[in-house]
file input16.tsv (TSV, N, CA and C atoms)
chain	number	residue	atom	x	y	z
A	1	MET	N	0.28	0.00	-20.17
A	1	MET	CA	0.17	-0.97	-19.09
A	1	MET	C	-1.04	-1.87	-19.35
A	2	ASP	N	-0.93	-3.10	-18.96
A	2	ASP	CA	-2.01	-4.08	-19.11
A	2	ASP	C	-3.23	-3.61	-18.32
A	3	ILE	N	-4.37	-3.59	-18.96
A	3	ILE	CA	-5.61	-3.11	-18.33
A	3	ILE	C	-5.96	-3.93	-17.09
A	4	ARG	N	-5.58	-5.21	-17.08
A	4	ARG	CA	-5.85	-6.04	-15.90
A	4	ARG	C	-5.05	-5.57	-14.70
A	5	VAL	N	-3.82	-5.10	-14.94
A	5	VAL	CA	-2.98	-4.59	-13.86
A	5	VAL	C	-3.52	-3.26	-13.35
A	6	VAL	N	-3.97	-2.42	-14.26
A	6	VAL	CA	-4.58	-1.14	-13.88
A	6	VAL	C	-5.81	-1.39	-13.02
A	7	PHE	N	-6.69	-2.27	-13.49
A	7	PHE	CA	-7.89	-2.62	-12.74
A	7	PHE	C	-7.53	-3.19	-11.37
A	8	ALA	N	-6.54	-4.08	-11.34
A	8	ALA	CA	-6.13	-4.72	-10.09
A	8	ALA	C	-5.68	-3.69	-9.06
A	9	ARG	N	-4.83	-2.76	-9.48
A	9	ARG	CA	-4.34	-1.72	-8.56
A	9	ARG	C	-5.47	-0.84	-8.05
A	10	ASN	N	-6.35	-0.46	-8.95
A	10	ASN	CA	-7.46	0.41	-8.56
A	10	ASN	C	-8.45	-0.32	-7.66
A	11	LEU	N	-8.73	-1.58	-7.98
A	11	LEU	CA	-9.63	-2.37	-7.15
A	11	LEU	C	-9.09	-2.44	-5.72
A	12	LYS	N	-7.83	-2.78	-5.58
A	12	LYS	CA	-7.24	-2.88	-4.24
A	12	LYS	C	-7.28	-1.53	-3.53
A	13	HIS	N	-6.95	-0.46	-4.25
A	13	HIS	CA	-6.95	0.88	-3.67
A	13	HIS	C	-8.33	1.24	-3.13
A	14	TYR	N	-9.35	1.12	-3.97
A	14	TYR	CA	-10.70	1.52	-3.55
A	14	TYR	C	-11.28	0.58	-2.50
A	15	ARG	N	-10.93	-0.70	-2.56
A	15	ARG	CA	-11.39	-1.64	-1.53
A	15	ARG	C	-10.80	-1.24	-0.18
A	16	GLN	N	-9.51	-0.97	-0.14
A	16	GLN	CA	-8.88	-0.57	1.10
A	16	GLN	C	-9.38	0.79	1.58
A	17	LEU	N	-9.63	1.69	0.64
A	17	LEU	CA	-10.17	3.01	0.99
A	17	LEU	C	-11.52	2.88	1.70
A	18	ARG	N	-12.31	1.90	1.30
A	18	ARG	CA	-13.61	1.66	1.92
A	18	ARG	C	-13.50	0.83	3.19
A	19	GLY	N	-12.29	0.39	3.52
A	19	GLY	CA	-12.09	-0.40	4.74
A	19	GLY	C	-12.60	-1.82	4.63
A	20	LEU	N	-12.64	-2.35	3.42
A	20	LEU	CA	-13.13	-3.71	3.22
A	20	LEU	C	-11.97	-4.69	3.05
A	21	THR	N	-12.14	-5.88	3.58
A	21	THR	CA	-11.21	-6.95	3.31
A	21	THR	C	-11.62	-7.63	2.00
A	22	GLN	N	-10.74	-8.44	1.47
A	22	GLN	CA	-11.11	-9.21	0.28
A	22	GLN	C	-12.31	-10.09	0.58
A	23	ALA	N	-12.32	-10.68	1.77
A	23	ALA	CA	-13.42	-11.56	2.15
A	23	ALA	C	-14.75	-10.80	2.24
A	24	ALA	N	-14.70	-9.59	2.77
A	24	ALA	CA	-15.93	-8.79	2.89
A	24	ALA	C	-16.47	-8.40	1.52
A	25	LEU	N	-15.57	-7.99	0.62
A	25	LEU	CA	-16.02	-7.65	-0.74
A	25	LEU	C	-16.57	-8.88	-1.44
A	26	ALA	N	-15.88	-10.00	-1.28
A	26	ALA	CA	-16.34	-11.25	-1.89
A	26	ALA	C	-17.74	-11.61	-1.38
A	27	ALA	N	-17.97	-11.43	-0.10
A	27	ALA	CA	-19.27	-11.79	0.49
A	27	ALA	C	-20.40	-10.97	-0.11
A	28	VAL	N	-20.20	-9.66	-0.23
A	28	VAL	CA	-21.28	-8.83	-0.78
A	28	VAL	C	-21.47	-9.06	-2.28
A	29	MET	N	-20.41	-9.51	-2.95
A	29	MET	CA	-20.51	-9.81	-4.38
A	29	MET	C	-20.96	-11.24	-4.64
A	30	ASP	N	-21.04	-12.04	-3.57
A	30	ASP	CA	-21.41	-13.45	-3.66
A	30	ASP	C	-20.44	-14.24	-4.55
A	31	VAL	N	-19.14	-13.99	-4.32
A	31	VAL	CA	-18.09	-14.75	-4.99
A	31	VAL	C	-17.10	-15.23	-3.94
A	32	ASP	N	-16.21	-16.07	-4.33
A	32	ASP	CA	-15.18	-16.58	-3.43
A	32	ASP	C	-14.10	-15.53	-3.20
A	33	ARG	N	-13.51	-15.52	-2.01
A	33	ARG	CA	-12.43	-14.58	-1.73
A	33	ARG	C	-11.28	-14.76	-2.69
A	34	ALA	N	-11.03	-15.97	-3.11
A	34	ALA	CA	-9.95	-16.25	-4.06
A	34	ALA	C	-10.20	-15.53	-5.39
A	35	HIS	N	-11.45	-15.35	-5.75
A	35	HIS	CA	-11.78	-14.63	-6.99
A	35	HIS	C	-11.38	-13.16	-6.87
A	36	VAL	N	-11.69	-12.55	-5.73
A	36	VAL	CA	-11.30	-11.16	-5.50
A	36	VAL	C	-9.78	-11.06	-5.50
A	37	SER	N	-9.13	-11.98	-4.83
A	37	SER	CA	-7.67	-11.99	-4.79
A	37	SER	C	-7.09	-12.10	-6.20
A	38	SER	N	-7.65	-12.96	-7.01
A	38	SER	CA	-7.19	-13.14	-8.39
A	38	SER	C	-7.38	-11.86	-9.20
A	39	MET	N	-8.49	-11.16	-8.99
A	39	MET	CA	-8.70	-9.89	-9.69
A	39	MET	C	-7.67	-8.87	-9.25
A	40	GLU	N	-7.34	-8.85	-7.95
A	40	GLU	CA	-6.37	-7.88	-7.43
A	40	GLU	C	-4.94	-8.19	-7.86
A	41	ARG	N	-4.70	-9.40	-8.31
A	41	ARG	CA	-3.37	-9.75	-8.82
A	41	ARG	C	-3.30	-9.60	-10.34
A	42	GLY	N	-4.39	-9.16	-10.95
A	42	GLY	CA	-4.42	-8.95	-12.39
A	42	GLY	C	-4.47	-10.24	-13.18
A	43	GLN	N	-4.99	-11.29	-12.58
A	43	GLN	CA	-5.05	-12.58	-13.24
A	43	GLN	C	-6.41	-12.89	-13.85
A	44	GLN	N	-7.35	-11.98	-13.71
A	44	GLN	CA	-8.70	-12.19	-14.22
A	44	GLN	C	-9.01	-11.20	-15.34
A	45	ASN	N	-9.60	-11.70	-16.40
A	45	ASN	CA	-10.19	-10.83	-17.41
A	45	ASN	C	-11.63	-10.62	-16.97
A	46	VAL	N	-11.88	-9.54	-16.26
A	46	VAL	CA	-13.23	-9.31	-15.75
A	46	VAL	C	-14.15	-8.83	-16.87
A	47	THR	N	-15.41	-9.21	-16.75
A	47	THR	CA	-16.40	-8.77	-17.72
A	47	THR	C	-16.85	-7.36	-17.37
A	48	LEU	N	-17.53	-6.74	-18.29
A	48	LEU	CA	-18.09	-5.41	-18.01
A	48	LEU	C	-19.11	-5.49	-16.89
A	49	GLN	N	-19.84	-6.60	-16.83
A	49	GLN	CA	-20.82	-6.77	-15.75
A	49	GLN	C	-20.12	-6.85	-14.40
A	50	THR	N	-19.00	-7.55	-14.34
A	50	THR	CA	-18.24	-7.64	-13.09
A	50	THR	C	-17.68	-6.28	-12.73
A	51	LEU	N	-17.16	-5.57	-13.71
A	51	LEU	CA	-16.65	-4.21	-13.49
A	51	LEU	C	-17.74	-3.35	-12.86
A	52	GLN	N	-18.94	-3.42	-13.41
A	52	GLN	CA	-20.05	-2.62	-12.90
A	52	GLN	C	-20.44	-3.04	-11.48
A	53	ARG	N	-20.45	-4.34	-11.20
A	53	ARG	CA	-20.79	-4.83	-9.85
A	53	ARG	C	-19.77	-4.39	-8.82
A	54	VAL	N	-18.48	-4.53	-9.17
A	54	VAL	CA	-17.42	-4.12	-8.25
A	54	VAL	C	-17.54	-2.62	-7.96
A	55	ALA	N	-17.71	-1.84	-9.01
A	55	ALA	CA	-17.82	-0.39	-8.85
A	55	ALA	C	-19.00	-0.03	-7.95
A	56	ALA	N	-20.12	-0.69	-8.14
A	56	ALA	CA	-21.30	-0.41	-7.32
A	56	ALA	C	-21.03	-0.72	-5.85
A	57	HIS	N	-20.39	-1.84	-5.57
A	57	HIS	CA	-20.12	-2.21	-4.18
A	57	HIS	C	-19.06	-1.31	-3.55
A	58	LEU	N	-18.16	-0.78	-4.37
A	58	LEU	CA	-17.14	0.12	-3.84
A	58	LEU	C	-17.56	1.59	-3.91
A	59	GLU	N	-18.74	1.84	-4.46
A	59	GLU	CA	-19.31	3.18	-4.56
A	59	GLU	C	-18.41	4.13	-5.33
A	60	VAL	N	-17.91	3.66	-6.48
A	60	VAL	CA	-17.11	4.48	-7.39
A	60	VAL	C	-17.65	4.29	-8.80
A	61	ALA	N	-17.35	5.24	-9.65
A	61	ALA	CA	-17.72	5.11	-11.06
A	61	ALA	C	-16.89	3.99	-11.68
A	62	PRO	N	-17.47	3.16	-12.54
A	62	PRO	CA	-16.70	2.10	-13.19
A	62	PRO	C	-15.42	2.60	-13.86
A	63	ALA	N	-15.47	3.80	-14.42
A	63	ALA	CA	-14.30	4.36	-15.10
A	63	ALA	C	-13.13	4.54	-14.14
A	64	LYS	N	-13.41	4.79	-12.86
A	64	LYS	CA	-12.34	4.96	-11.88
A	64	LYS	C	-11.52	3.67	-11.71
A	65	LEU	N	-12.15	2.53	-11.95
A	65	LEU	CA	-11.46	1.26	-11.78
A	65	LEU	C	-10.55	0.91	-12.95
A	66	ILE	N	-10.71	1.60	-14.06
A	66	ILE	CA	-9.84	1.32	-15.21
A	66	ILE	C	-9.03	2.55	-15.62
A	67	GLU	N	-9.03	3.55	-14.76
A	67	GLU	CA	-8.29	4.77	-15.01
A	67	GLU	C	-6.82	4.55	-14.65
A	68	GLU	N	-5.93	4.79	-15.61
A	68	GLU	CA	-4.51	4.59	-15.38
A	68	GLU	C	-3.92	5.81	-14.69
A	69	HIS	N	-3.15	5.57	-13.64
A	69	HIS	CA	-2.49	6.63	-12.88
A	69	HIS	C	-1.00	6.46	-13.03
A	70	SER	N	-0.27	7.57	-13.06
A	70	SER	CA	1.18	7.47	-13.11
A	70	SER	C	1.70	7.08	-11.73
A	71	GLU	N	2.76	6.33	-11.72
A	71	GLU	CA	3.37	5.89	-10.47
A	71	GLU	C	4.15	7.05	-9.85
A	72	PRO	N	4.08	7.23	-8.52
A	72	PRO	CA	4.83	8.32	-7.87
A	72	PRO	C	6.33	8.08	-7.92

call {"tool": "encode", "arguments": {"input": "input16.tsv", "output": "structure tokens"}}
result
Amino acid sequence: MDIRVVFARNLKHYRQLRGLTQAALAAVMDVDRAHVSSMERGQQNVTLQTLQRVAAHLEVAPAKLIEEHSEP
């Protein structure tokens, strides 16, 4: 599976788990909500720095955001 799709699914999962909207995550990351939306749709090649920032704001290990899970 495309790593961007894996990241996108995990990002959305952990964001929702924390009870954050895309706008709220964007605000704490100081980016536009459209950027978060684009990441969640797998349209962004995020940098390692972005991966680390997202993970920090979602309070998860960066590896959790790129960990592939089997579909139920």

call {"tool": "residues_around", "arguments": {"input": "input16.tsv", "residues": "Glu59 (chain A)", "least_positions_apart": "5", "cutoff": "8 Å", "atoms": "all atoms listed in the file", "output": "VMD selection string"}}
result
chain A and resid 14 53 to 54

call {"tool": "atom_distance", "arguments": {"input": "input16.tsv", "atom1": "CA of Val60 (chain A)", "atom2": "atom C of Asn10 (chain A)"}}
result
9.9 Å

call {"tool": "closest_residue", "arguments": {"input": "input16.tsv", "among": "A:Ala56, A:Val36, A:Leu51, A:Val46", "to": "Lys12 (chain A)", "atoms": "only C-alpha atoms"}}
result
A:Val36

call {"tool": "select_by_dssp", "arguments": {"input": "input16.tsv", "residues": "chain A", "states": "alpha helix (DSSP H)", "output": "ChimeraX atom specification"}}
result
/A:3-17,22-29,33-40,48-58,62-65

call {"tool": "atom_distance", "arguments": {"input": "input16.tsv", "atom1": "CA of His69 (chain A)", "atom2": "CA of His35 (chain A)"}}
result
23.9 Å

call {"tool": "atom_distance", "arguments": {"input": "input16.tsv", "atom1": "CA of Ser38 (chain A)", "atom2": "CA of Ala23 (chain A)"}}
result
12.3 Å

call {"tool": "build_atoms", "arguments": {"input": "input16.tsv", "residues": "region 8-19 of chain A", "atoms": "all heavy atoms", "output": "PDB file, in the frame of the given file"}}
result
ATOM      1  N   ALA A   8      -6.540  -4.080 -11.340  1.00  0.00           N
ATOM      2  CA  ALA A   8      -6.130  -4.720 -10.090  1.00  0.00           C
ATOM      3  C   ALA A   8      -5.680  -3.690  -9.060  1.00  0.00           C
ATOM      4  O   ALA A   8      -6.092  -3.739  -7.895  1.00  0.00           O
ATOM      5  CB  ALA A   8      -4.994  -5.713 -10.374  1.00  0.00           C
ATOM      6  N   ARG A   9      -4.830  -2.760  -9.480  1.00  0.00           N
ATOM      7  CA  ARG A   9      -4.340  -1.720  -8.560  1.00  0.00           C
ATOM      8  C   ARG A   9      -5.470  -0.840  -8.050  1.00  0.00           C
ATOM      9  O   ARG A   9      -5.551  -0.515  -6.867  1.00  0.00           O
ATOM     10  CB  ARG A   9      -3.291  -0.860  -9.246  1.00  0.00           C
ATOM     11  CG  ARG A   9      -1.987  -1.565  -9.454  1.00  0.00           C
ATOM     12  CD  ARG A   9      -0.997  -0.676 -10.151  1.00  0.00           C
ATOM     13  NE  ARG A   9       0.255  -1.394 -10.373  1.00  0.00           N
ATOM     14  CZ  ARG A   9       1.238  -0.937 -11.109  1.00  0.00           C
ATOM     15  NH1 ARG A   9       1.143   0.236 -11.705  1.00  0.00           N
ATOM     16  NH2 ARG A   9       2.332  -1.650 -11.274  1.00  0.00           N
ATOM     17  N   ASN A  10      -6.350  -0.460  -8.950  1.00  0.00           N
ATOM     18  CA  ASN A  10      -7.460   0.410  -8.560  1.00  0.00           C
ATOM     19  C   ASN A  10      -8.450  -0.320  -7.660  1.00  0.00           C
ATOM     20  O   ASN A  10      -8.963   0.252  -6.699  1.00  0.00           O
ATOM     21  CB  ASN A  10      -8.155   0.979  -9.796  1.00  0.00           C
ATOM     22  CG  ASN A  10      -7.306   1.986 -10.517  1.00  0.00           C
ATOM     23  OD1 ASN A  10      -6.437   2.623  -9.928  1.00  0.00           O
ATOM     24  ND2 ASN A  10      -7.528   2.142 -11.809  1.00  0.00           N
ATOM     25  N   LEU A  11      -8.730  -1.580  -7.980  1.00  0.00           N
ATOM     26  CA  LEU A  11      -9.630  -2.370  -7.150  1.00  0.00           C
ATOM     27  C   LEU A  11      -9.090  -2.440  -5.720  1.00  0.00           C
ATOM     28  O   LEU A  11      -9.818  -2.166  -4.759  1.00  0.00           O
ATOM     29  CB  LEU A  11      -9.773  -3.780  -7.728  1.00  0.00           C
ATOM     30  CG  LEU A  11     -10.459  -4.829  -6.854  1.00  0.00           C
ATOM     31  CD1 LEU A  11     -11.859  -4.389  -6.454  1.00  0.00           C
ATOM     32  CD2 LEU A  11     -10.479  -6.164  -7.569  1.00  0.00           C
ATOM     33  N   LYS A  12      -7.830  -2.780  -5.580  1.00  0.00           N
ATOM     34  CA  LYS A  12      -7.240  -2.880  -4.240  1.00  0.00           C
ATOM     35  C   LYS A  12      -7.280  -1.530  -3.530  1.00  0.00           C
ATOM     36  O   LYS A  12      -7.624  -1.451  -2.346  1.00  0.00           O
ATOM     37  CB  LYS A  12      -5.809  -3.387  -4.333  1.00  0.00           C
ATOM     38  CG  LYS A  12      -5.179  -3.612  -2.979  1.00  0.00           C
ATOM     39  CD  LYS A  12      -3.816  -4.258  -3.107  1.00  0.00           C
ATOM     40  CE  LYS A  12      -3.227  -4.546  -1.741  1.00  0.00           C
ATOM     41  NZ  LYS A  12      -1.939  -5.234  -1.842  1.00  0.00           N
ATOM     42  N   HIS A  13      -6.950  -0.460  -4.250  1.00  0.00           N
ATOM     43  CA  HIS A  13      -6.950   0.880  -3.670  1.00  0.00           C
ATOM     44  C   HIS A  13      -8.330   1.240  -3.130  1.00  0.00           C
ATOM     45  O   HIS A  13      -8.472   1.652  -1.966  1.00  0.00           O
ATOM     46  CB  HIS A  13      -6.504   1.906  -4.714  1.00  0.00           C
ATOM     47  CG  HIS A  13      -6.724   3.327  -4.289  1.00  0.00           C
ATOM     48  ND1 HIS A  13      -5.898   3.970  -3.385  1.00  0.00           N
ATOM     49  CD2 HIS A  13      -7.691   4.212  -4.632  1.00  0.00           C
ATOM     50  CE1 HIS A  13      -6.359   5.197  -3.189  1.00  0.00           C
ATOM     51  NE2 HIS A  13      -7.440   5.373  -3.934  1.00  0.00           N
ATOM     52  N   TYR A  14      -9.350   1.120  -3.970  1.00  0.00           N
ATOM     53  CA  TYR A  14     -10.700   1.520  -3.550  1.00  0.00           C
ATOM     54  C   TYR A  14     -11.280   0.580  -2.500  1.00  0.00           C
ATOM     55  O   TYR A  14     -12.027   1.010  -1.616  1.00  0.00           O
ATOM     56  CB  TYR A  14     -11.636   1.658  -4.748  1.00  0.00           C
ATOM     57  CG  TYR A  14     -11.343   2.903  -5.548  1.00  0.00           C
ATOM     58  CD1 TYR A  14     -10.760   2.831  -6.818  1.00  0.00           C
ATOM     59  CD2 TYR A  14     -11.601   4.166  -5.027  1.00  0.00           C
ATOM     60  CE1 TYR A  14     -10.471   3.977  -7.539  1.00  0.00           C
ATOM     61  CE2 TYR A  14     -11.315   5.316  -5.736  1.00  0.00           C
ATOM     62  CZ  TYR A  14     -10.756   5.221  -6.993  1.00  0.00           C
ATOM     63  OH  TYR A  14     -10.458   6.362  -7.689  1.00  0.00           O
ATOM     64  N   ARG A  15     -10.930  -0.700  -2.560  1.00  0.00           N
ATOM     65  CA  ARG A  15     -11.390  -1.640  -1.530  1.00  0.00           C
ATOM     66  C   ARG A  15     -10.800  -1.240  -0.180  1.00  0.00           C
ATOM     67  O   ARG A  15     -11.536  -1.157   0.820  1.00  0.00           O
ATOM     68  CB  ARG A  15     -10.965  -3.073  -1.884  1.00  0.00           C
ATOM     69  CG  ARG A  15     -11.345  -4.075  -0.795  1.00  0.00           C
ATOM     70  CD  ARG A  15     -10.879  -5.475  -1.094  1.00  0.00           C
ATOM     71  NE  ARG A  15      -9.449  -5.610  -1.255  1.00  0.00           N
ATOM     72  CZ  ARG A  15      -8.564  -5.623  -0.251  1.00  0.00           C
ATOM     73  NH1 ARG A  15      -8.948  -5.470   1.008  1.00  0.00           N
ATOM     74  NH2 ARG A  15      -7.268  -5.772  -0.494  1.00  0.00           N
ATOM     75  N   GLN A  16      -9.510  -0.970  -0.140  1.00  0.00           N
ATOM     76  CA  GLN A  16      -8.880  -0.570   1.100  1.00  0.00           C
ATOM     77  C   GLN A  16      -9.380   0.790   1.580  1.00  0.00           C
ATOM     78  O   GLN A  16      -9.556   1.001   2.783  1.00  0.00           O
ATOM     79  CB  GLN A  16      -7.358  -0.554   0.950  1.00  0.00           C
ATOM     80  CG  GLN A  16      -6.773  -1.938   0.797  1.00  0.00           C
ATOM     81  CD  GLN A  16      -5.281  -1.931   0.550  1.00  0.00           C
ATOM     82  OE1 GLN A  16      -4.729  -0.968   0.029  1.00  0.00           O
ATOM     83  NE2 GLN A  16      -4.618  -3.019   0.905  1.00  0.00           N
ATOM     84  N   LEU A  17      -9.630   1.690   0.640  1.00  0.00           N
ATOM     85  CA  LEU A  17     -10.170   3.010   0.990  1.00  0.00           C
ATOM     86  C   LEU A  17     -11.520   2.880   1.700  1.00  0.00           C
ATOM     87  O   LEU A  17     -11.835   3.644   2.612  1.00  0.00           O
ATOM     88  CB  LEU A  17     -10.306   3.860  -0.280  1.00  0.00           C
ATOM     89  CG  LEU A  17     -10.582   5.339  -0.121  1.00  0.00           C
ATOM     90  CD1 LEU A  17      -9.409   6.039   0.555  1.00  0.00           C
ATOM     91  CD2 LEU A  17     -10.853   5.961  -1.478  1.00  0.00           C
ATOM     92  N   ARG A  18     -12.310   1.900   1.300  1.00  0.00           N
ATOM     93  CA  ARG A  18     -13.610   1.660   1.920  1.00  0.00           C
ATOM     94  C   ARG A  18     -13.500   0.830   3.190  1.00  0.00           C
ATOM     95  O   ARG A  18     -14.501   0.545   3.850  1.00  0.00           O
ATOM     96  CB  ARG A  18     -14.551   0.933   0.935  1.00  0.00           C
ATOM     97  CG  ARG A  18     -14.872   1.710  -0.324  1.00  0.00           C
ATOM     98  CD  ARG A  18     -15.755   2.917  -0.039  1.00  0.00           C
ATOM     99  NE  ARG A  18     -16.056   3.649  -1.248  1.00  0.00           N
ATOM    100  CZ  ARG A  18     -15.416   4.735  -1.663  1.00  0.00           C
ATOM    101  NH1 ARG A  18     -14.407   5.217  -0.972  1.00  0.00           N
ATOM    102  NH2 ARG A  18     -15.761   5.355  -2.764  1.00  0.00           N
ATOM    103  N   GLY A  19     -12.290   0.390   3.520  1.00  0.00           N
ATOM    104  CA  GLY A  19     -12.090  -0.400   4.740  1.00  0.00           C
ATOM    105  C   GLY A  19     -12.600  -1.820   4.630  1.00  0.00           C
ATOM    106  O   GLY A  19     -12.939  -2.434   5.653  1.00  0.00           O
TER     107      GLY A  19
END
